$ cat input_35.tsv   # TSV, C-alpha atoms
chain	number	residue	atom	x	y	z
A	27	MET	CA	74.23	156.44	137.60
A	28	ILE	CA	71.45	156.14	135.03
A	29	TRP	CA	72.38	152.52	134.30
A	30	PHE	CA	72.12	151.78	138.03
A	31	ALA	CA	68.55	153.12	138.21
A	32	ASP	CA	67.70	151.32	134.97
A	33	PHE	CA	69.09	148.07	136.37
A	34	PHE	CA	66.86	148.33	139.44
A	35	GLU	CA	63.85	149.33	137.37
A	36	ARG	CA	64.26	146.33	135.07
A	37	GLY	CA	65.08	143.92	137.91
A	38	GLY	CA	62.08	144.74	140.03
A	39	PRO	CA	61.60	145.34	143.73
A	40	VAL	CA	63.40	142.17	144.79
A	41	LEU	CA	66.70	143.74	143.70
A	42	TYR	CA	66.36	146.22	146.56
A	43	ALA	CA	66.26	143.31	149.00
A	44	VAL	CA	69.36	141.83	147.33
A	45	LEU	CA	71.04	145.24	147.61
A	46	ALA	CA	70.22	145.54	151.32
A	47	THR	CA	71.49	142.01	151.98
A	48	SER	CA	74.61	142.75	149.98
A	49	PHE	CA	75.23	145.94	151.94
A	50	LEU	CA	74.93	144.12	155.28
A	51	LEU	CA	77.15	141.31	154.01
A	52	TRP	CA	79.87	143.75	152.95
A	53	VAL	CA	79.68	145.62	156.25
A	54	LEU	CA	80.38	142.31	158.01
A	55	ILE	CA	83.18	141.50	155.56
A	56	VAL	CA	84.86	144.85	156.20
A	57	MET	CA	84.50	144.32	159.95
A	58	ARG	CA	86.20	140.92	159.72
A	59	LEU	CA	88.97	142.33	157.52
A	60	TRP	CA	89.55	145.03	160.14
A	61	PHE	CA	89.67	142.36	162.85
A	62	PHE	CA	92.15	140.07	161.10
A	63	TYR	CA	94.48	142.77	159.81
A	64	ILE	CA	94.34	145.34	162.65
A	65	GLU	CA	92.84	144.01	165.88
A	66	LYS	CA	94.32	140.50	165.74
A	67	ASN	CA	97.88	141.69	166.37
A	68	GLN	CA	96.75	143.90	169.26
A	69	ILE	CA	94.89	141.03	170.91
A	70	HIS	CA	97.80	138.64	170.39
A	71	GLY	CA	100.21	141.17	171.88
A	72	ARG	CA	98.02	141.81	174.91
A	73	LEU	CA	97.55	138.09	175.59
A	74	MET	CA	101.27	137.41	175.17
A	75	THR	CA	102.07	140.20	177.66
A	76	ASP	CA	99.54	138.81	180.13
A	77	TRP	CA	100.92	135.28	179.69
A	78	ARG	CA	104.52	136.35	180.23
A	79	ALA	CA	103.49	138.29	183.34
A	80	ARG	CA	102.15	135.11	184.92
A	81	THR	CA	104.42	133.42	187.42
A	82	ASP	CA	102.87	130.02	186.76
A	83	CYS	CA	102.99	128.81	183.16
A	84	THR	CA	103.39	125.09	183.79
A	85	SER	CA	100.61	123.85	186.05
A	86	ARG	CA	97.36	122.26	185.01
A	87	ASN	CA	95.53	125.47	185.92
A	88	ALA	CA	97.86	127.46	183.66
A	89	ARG	CA	97.07	125.07	180.82
A	90	TYR	CA	93.34	125.58	181.40
A	91	ILE	CA	93.79	129.35	181.47
A	92	ARG	CA	95.77	129.24	178.24
A	93	GLN	CA	93.14	127.04	176.64
A	94	ALA	CA	90.38	129.41	177.76
A	95	TRP	CA	92.23	132.46	176.37
A	96	VAL	CA	92.81	130.76	173.02
A	97	GLY	CA	89.18	129.59	172.93
A	98	ARG	CA	87.87	133.06	173.76
A	99	TYR	CA	90.04	134.53	171.02
A	100	TYR	CA	88.72	131.96	168.52
A	101	LEU	CA	85.14	132.84	169.46
A	102	GLU	CA	85.92	136.49	168.78
A	103	ALA	CA	87.61	135.61	165.47
A	104	THR	CA	84.59	133.61	164.27
A	105	ARG	CA	81.91	135.79	165.87
A	106	THR	CA	80.11	136.87	162.69
A	107	MET	CA	80.61	133.65	160.69
A	108	PRO	CA	77.07	132.31	161.31
A	109	LEU	CA	75.53	135.61	160.20
A	110	LEU	CA	77.80	135.68	157.14
A	111	GLY	CA	76.68	132.16	156.26
A	112	THR	CA	73.04	133.10	156.68
A	113	LEU	CA	73.33	136.16	154.47
A	114	ILE	CA	75.17	134.12	151.83
A	115	ALA	CA	72.38	131.55	151.87
A	116	ILE	CA	69.67	134.22	151.67
A	117	CYS	CA	71.05	135.91	148.54
A	118	PRO	CA	70.28	133.08	146.05
A	119	LEU	CA	66.88	132.63	147.68
A	120	LEU	CA	66.12	136.31	147.12
A	121	GLY	CA	67.21	135.83	143.52
A	122	LEU	CA	64.80	132.92	143.24
A	123	LEU	CA	62.06	135.12	144.65
A	124	GLY	CA	62.86	137.63	141.91
A	125	THR	CA	62.60	134.84	139.34
A	126	VAL	CA	59.17	133.85	140.62
A	127	THR	CA	57.88	137.43	140.68
A	128	GLY	CA	59.22	138.04	137.16
A	129	MET	CA	57.59	134.90	135.84
A	130	ILE	CA	54.31	135.92	137.46
A	131	GLN	CA	54.58	139.18	135.54
A	132	VAL	CA	55.21	137.24	132.30
A	133	PHE	CA	52.15	135.08	132.94
A	134	ASP	CA	50.04	138.16	133.67
A	135	VAL	CA	51.10	139.64	130.32
A	136	LEU	CA	50.31	136.35	128.58
A	137	ALA	CA	46.89	136.22	130.22
A	138	ALA	CA	46.06	139.81	129.27
A	139	THR	CA	47.48	140.07	125.76
A	140	GLY	CA	47.85	136.51	124.52
A	141	THR	CA	51.04	134.92	123.24
A	142	GLY	CA	51.85	137.42	120.51
A	143	ASN	CA	53.30	140.34	122.50
A	144	ALA	CA	56.98	139.53	123.01
A	145	ARG	CA	57.87	143.11	123.93
A	146	ALA	CA	55.47	143.06	126.88
A	147	MET	CA	56.91	139.74	128.08
A	148	ALA	CA	60.52	140.97	127.88
A	149	SER	CA	60.28	143.14	130.99
A	150	GLY	CA	58.98	140.18	132.98
A	151	ILE	CA	61.78	137.98	131.72
A	152	ALA	CA	64.34	140.65	132.69
A	153	GLN	CA	62.69	140.90	136.08
A	154	ALA	CA	63.00	137.12	136.36
A	155	THR	CA	66.70	136.87	135.50
A	156	LEU	CA	68.35	139.99	136.91
A	157	PRO	CA	67.62	139.29	140.62
A	158	THR	CA	68.82	135.71	140.18
A	159	MET	CA	72.10	136.90	138.69
A	160	ALA	CA	72.55	139.57	141.36
A	161	GLY	CA	71.81	137.13	144.19
A	162	LEU	CA	74.31	134.60	142.86
A	163	VAL	CA	77.05	137.20	142.35
A	164	VAL	CA	76.64	138.48	145.91
A	165	ALA	CA	76.59	134.93	147.32
A	166	LEU	CA	79.74	133.93	145.42
A	167	SER	CA	81.69	136.93	146.67
A	168	GLY	CA	80.48	136.21	150.19
A	169	LEU	CA	81.52	132.54	149.94
A	170	TYR	CA	85.05	133.53	149.04
A	171	PHE	CA	85.41	135.81	152.05
A	172	ARG	CA	83.71	133.39	154.44
A	173	SER	CA	86.12	130.59	153.58
A	174	ARG	CA	89.06	133.01	153.77
A	175	PHE	CA	87.97	134.21	157.20
A	176	GLN	CA	87.59	130.64	158.43
A	177	ARG	CA	91.17	129.88	157.32
A	178	LEU	CA	92.43	133.10	158.92
A	179	ALA	CA	90.64	132.29	162.18
A	180	ASP	CA	92.08	128.76	162.30
A	181	ARG	CA	95.57	129.97	161.44
A	182	SER	CA	95.55	132.86	163.91
A	183	LYS	CA	94.22	130.58	166.66
A	184	GLN	CA	97.18	128.26	166.09
A	185	GLU	CA	99.57	131.24	166.02
A	186	LEU	CA	98.22	132.44	169.34
A	187	ALA	CA	98.54	128.99	170.88
A	188	ASP	CA	102.16	128.88	169.69
A	189	LYS	CA	102.85	132.33	171.17
A	190	LEU	CA	101.61	131.26	174.60
A	191	PRO	CA	104.06	128.45	175.36
A	192	ILE	CA	103.70	125.94	178.16
A	193	VAL	CA	107.15	125.80	179.72
A	194	GLU	CA	107.94	122.35	181.04
A	195	GLU	CA	110.13	122.24	184.12
A	196	PHE	CA	112.51	119.35	184.36
A	197	ALA	CA	113.68	118.37	187.81
$ encode --input "input_35.tsv" --output "structure tokens"
Amino acid sequence: MIWFADFFERGGPVLYAVLATSFLLWVLIVMRLWFFYIEKNQIHGRLMTDWRARTDCTSRNARYIRQAWVGRYYLEATRTMPLLGTLIAICPLLGLLGTVTGMIQVFDVLAATGTGNARAMASGIAQATLPTMAGLVVALSGLYFRSRFQRLADRSKQELADKLPIVEEFA
């Protein structure tokens, strides 16, 4: 736990913003994991039951209803994707903000002590690089899950469409 506090002390106040963004990002990731691995099957089952209970599964209106159900499901499956994308984009920018604030600290040390005090500049350089690294690590992990969730949403939408068949009647 001491290394954690030391990491935040050396990285500066911007690391707290990266931590808060990371926490929110992981809450959304866990929510999407819950949706795709728990709720998805329940929703598919309920929609299949409702579709089979319909007496009309062949008319144009039935096709529109099916299309609306599948579309509504897809909206639910991709509900938090824009927010995930925004948080992923914010993380490297927060890291860049940490870089700028760290470099400002380095320049303040240079202005006050001259160019000879490397030890005083080291904390500013750490404050410049640690938030950048943290922001990029959080963004990369978020990118993986965002692309995975997009694939899962597309695949489960197609699965749902396949489970709600349009029965053609031949006369």
$ closest_atom_pairs --input "input_35.tsv" --of "range 38-120 of chain A" --to "range 149-166 of chain A" --cutoff "10 Å" --atoms "only C-alpha atoms" --output "JSON lines"
{"residue": "A:Gly38", "atom": "CA", "partner": "A:Gln153", "partner_atom": "CA", "distance": 5.5}
{"residue": "A:Pro39", "atom": "CA", "partner": "A:Gln153", "partner_atom": "CA", "distance": 8.9}
{"residue": "A:Val40", "atom": "CA", "partner": "A:Pro157", "partner_atom": "CA", "distance": 6.6}
{"residue": "A:Leu41", "atom": "CA", "partner": "A:Pro157", "partner_atom": "CA", "distance": 5.5}
{"residue": "A:Tyr42", "atom": "CA", "partner": "A:Pro157", "partner_atom": "CA", "distance": 9.2}
{"residue": "A:Ala43", "atom": "CA", "partner": "A:Pro157", "partner_atom": "CA", "distance": 9.4}
{"residue": "A:Val44", "atom": "CA", "partner": "A:Gly161", "partner_atom": "CA", "distance": 6.2}
{"residue": "A:Leu45", "atom": "CA", "partner": "A:Ala160", "partner_atom": "CA", "distance": 8.6}
{"residue": "A:Thr47", "atom": "CA", "partner": "A:Val164", "partner_atom": "CA", "distance": 8.7}
{"residue": "A:Ser48", "atom": "CA", "partner": "A:Val164", "partner_atom": "CA", "distance": 6.2}
{"residue": "A:Phe49", "atom": "CA", "partner": "A:Val164", "partner_atom": "CA", "distance": 9.7}
{"residue": "A:Leu51", "atom": "CA", "partner": "A:Val164", "partner_atom": "CA", "distance": 8.6}
{"residue": "A:Trp52", "atom": "CA", "partner": "A:Val164", "partner_atom": "CA", "distance": 9.4}
{"residue": "A:Leu110", "atom": "CA", "partner": "A:Ala165", "partner_atom": "CA", "distance": 9.9}
{"residue": "A:Gly111", "atom": "CA", "partner": "A:Ala165", "partner_atom": "CA", "distance": 9.4}
{"residue": "A:Leu113", "atom": "CA", "partner": "A:Ala165", "partner_atom": "CA", "distance": 8.0}
{"residue": "A:Ile114", "atom": "CA", "partner": "A:Ala165", "partner_atom": "CA", "distance": 4.8}
{"residue": "A:Ala115", "atom": "CA", "partner": "A:Ala165", "partner_atom": "CA", "distance": 7.1}
{"residue": "A:Ile116", "atom": "CA", "partner": "A:Ala165", "partner_atom": "CA", "distance": 8.2}
{"residue": "A:Cys117", "atom": "CA", "partner": "A:Gly161", "partner_atom": "CA", "distance": 4.6}
{"residue": "A:Pro118", "atom": "CA", "partner": "A:Gly161", "partner_atom": "CA", "distance": 4.7}
{"residue": "A:Leu119", "atom": "CA", "partner": "A:Gly161", "partner_atom": "CA", "distance": 7.5}
{"residue": "A:Leu120", "atom": "CA", "partner": "A:Gly161", "partner_atom": "CA", "distance": 6.5}
$ residues_around --input "input_35.tsv" --residues "Ser182 in chain A" --least-positions-apart "3" --cutoff "9 Å" --atoms "all atoms listed in the file" --output "JSON, numbers by chain"
{"A": [62, 66, 70, 100, 103, 177, 178, 179, 185, 186, 187]}
$ atom_distance --input "input_35.tsv" --atom1 "CA of Ile69 in chain A" --atom2 "CA of Arg172 in chain A"
21.3 Å
$ atom_distance --input "input_35.tsv" --atom1 "CA of Gln68 in chain A" --atom2 "CA of Phe175 in chain A"
17.8 Å
$ atom_distance --input "input_35.tsv" --atom1 "CA of Asn87 in chain A" --atom2 "CA of Asp180 in chain A"
24.1 Å
$ closest_residue --input "input_35.tsv" --among "A:Trp29, A:Tyr99, A:Tyr90, A:Phe34" --to "Arg72 in chain A" --atoms "only C-alpha atoms"
A:Tyr99
$ closest_residue --input "input_35.tsv" --among "A:Ile55, A:Leu50, A:Met129, A:Ala88" --to "Met107 in chain A" --atoms "all atoms listed in the file"
A:Ile55
$ axis_aligned_box --input "input_35.tsv" --around "range 165-170 of chain A" --padding-each-side "5 Å" --output "lines of an AutoDock Vina configuration file"
center_x = 80.8
center_y = 134.7
center_z = 147.8
size_x = 18.5
size_y = 14.4
size_z = 14.8
$ residues_around --input "input_35.tsv" --residues "Pro191 in chain A" --least-positions-apart "4" --cutoff "10 Å" --atoms "only C-alpha atoms" --output "number ranges by chain"
A: 74, 77-78, 83-84, 89, 92, 186-187
$ build_atoms --input "input_35.tsv" --residues "range 149-177 of chain A" --atoms "N, CA and C atoms" --output "short mmCIF file (atom, residue, chain, number, x, y, z; two decimals), in the coordinates of the input"
data_model
loop_
_atom_site.label_atom_id
_atom_site.label_comp_id
_atom_site.auth_asym_id
_atom_site.auth_seq_id
_atom_site.Cartn_x
_atom_site.Cartn_y
_atom_site.Cartn_z
N SER A 149 60.00 142.53 129.68
CA SER A 149 60.28 143.14 130.99
C SER A 149 60.11 142.12 132.11
N GLY A 150 59.15 141.23 131.98
CA GLY A 150 58.98 140.18 132.98
C GLY A 150 60.13 139.20 132.99
N ILE A 151 60.64 138.90 131.79
CA ILE A 151 61.78 137.98 131.72
C ILE A 151 63.03 138.63 132.32
N ALA A 152 63.23 139.92 132.07
CA ALA A 152 64.34 140.65 132.69
C ALA A 152 64.17 140.67 134.20
N GLN A 153 62.94 140.88 134.65
CA GLN A 153 62.69 140.90 136.08
C GLN A 153 62.89 139.51 136.68
N ALA A 154 62.78 138.47 135.87
CA ALA A 154 63.00 137.12 136.36
C ALA A 154 64.48 136.75 136.43
N THR A 155 65.30 137.30 135.55
CA THR A 155 66.70 136.87 135.50
C THR A 155 67.66 137.78 136.26
N LEU A 156 67.41 139.07 136.27
CA LEU A 156 68.35 139.99 136.91
C LEU A 156 68.50 139.76 138.42
N PRO A 157 67.43 139.56 139.19
CA PRO A 157 67.62 139.29 140.62
C PRO A 157 68.36 137.97 140.88
N THR A 158 68.12 136.98 140.02
CA THR A 158 68.82 135.71 140.18
C THR A 158 70.32 135.91 139.99
N MET A 159 70.68 136.62 138.94
CA MET A 159 72.10 136.90 138.69
C MET A 159 72.71 137.69 139.84
N ALA A 160 72.02 138.73 140.29
CA ALA A 160 72.55 139.57 141.36
C ALA A 160 72.70 138.77 142.65
N GLY A 161 71.72 137.95 142.99
CA GLY A 161 71.81 137.13 144.19
C GLY A 161 72.96 136.16 144.15
N LEU A 162 73.20 135.56 142.99
CA LEU A 162 74.31 134.60 142.86
C LEU A 162 75.66 135.30 142.92
N VAL A 163 75.78 136.46 142.32
CA VAL A 163 77.05 137.20 142.35
C VAL A 163 77.39 137.60 143.79
N VAL A 164 76.41 138.09 144.52
CA VAL A 164 76.64 138.48 145.91
C VAL A 164 77.01 137.25 146.75
N ALA A 165 76.31 136.15 146.55
CA ALA A 165 76.59 134.93 147.32
C ALA A 165 77.99 134.40 147.02
N LEU A 166 78.40 134.43 145.76
CA LEU A 166 79.74 133.93 145.42
C LEU A 166 80.84 134.77 146.05
N SER A 167 80.68 136.08 146.03
CA SER A 167 81.69 136.93 146.67
C SER A 167 81.71 136.69 148.17
N GLY A 168 80.56 136.49 148.76
CA GLY A 168 80.48 136.21 150.19
C GLY A 168 81.11 134.87 150.55
N LEU A 169 80.92 133.86 149.69
CA LEU A 169 81.52 132.54 149.94
C LEU A 169 83.04 132.62 149.97
N TYR A 170 83.60 133.38 149.06
CA TYR A 170 85.05 133.53 149.04
C TYR A 170 85.55 134.08 150.37
N PHE A 171 84.94 135.17 150.82
CA PHE A 171 85.41 135.81 152.05
C PHE A 171 85.13 134.95 153.28
N ARG A 172 84.01 134.24 153.29
CA ARG A 172 83.71 133.39 154.44
C ARG A 172 84.75 132.29 154.58
N SER A 173 85.10 131.64 153.49
CA SER A 173 86.12 130.59 153.58
C SER A 173 87.48 131.18 153.93
N ARG A 174 87.79 132.34 153.42
CA ARG A 174 89.06 133.01 153.77
C ARG A 174 89.10 133.34 155.25
N PHE A 175 88.00 133.87 155.78
CA PHE A 175 87.97 134.21 157.20
C PHE A 175 88.07 132.97 158.08
N GLN A 176 87.48 131.87 157.65
CA GLN A 176 87.59 130.64 158.43
C GLN A 176 89.04 130.18 158.47
N ARG A 177 89.74 130.24 157.34
CA ARG A 177 91.17 129.88 157.32
C ARG A 177 91.99 130.83 158.19
#
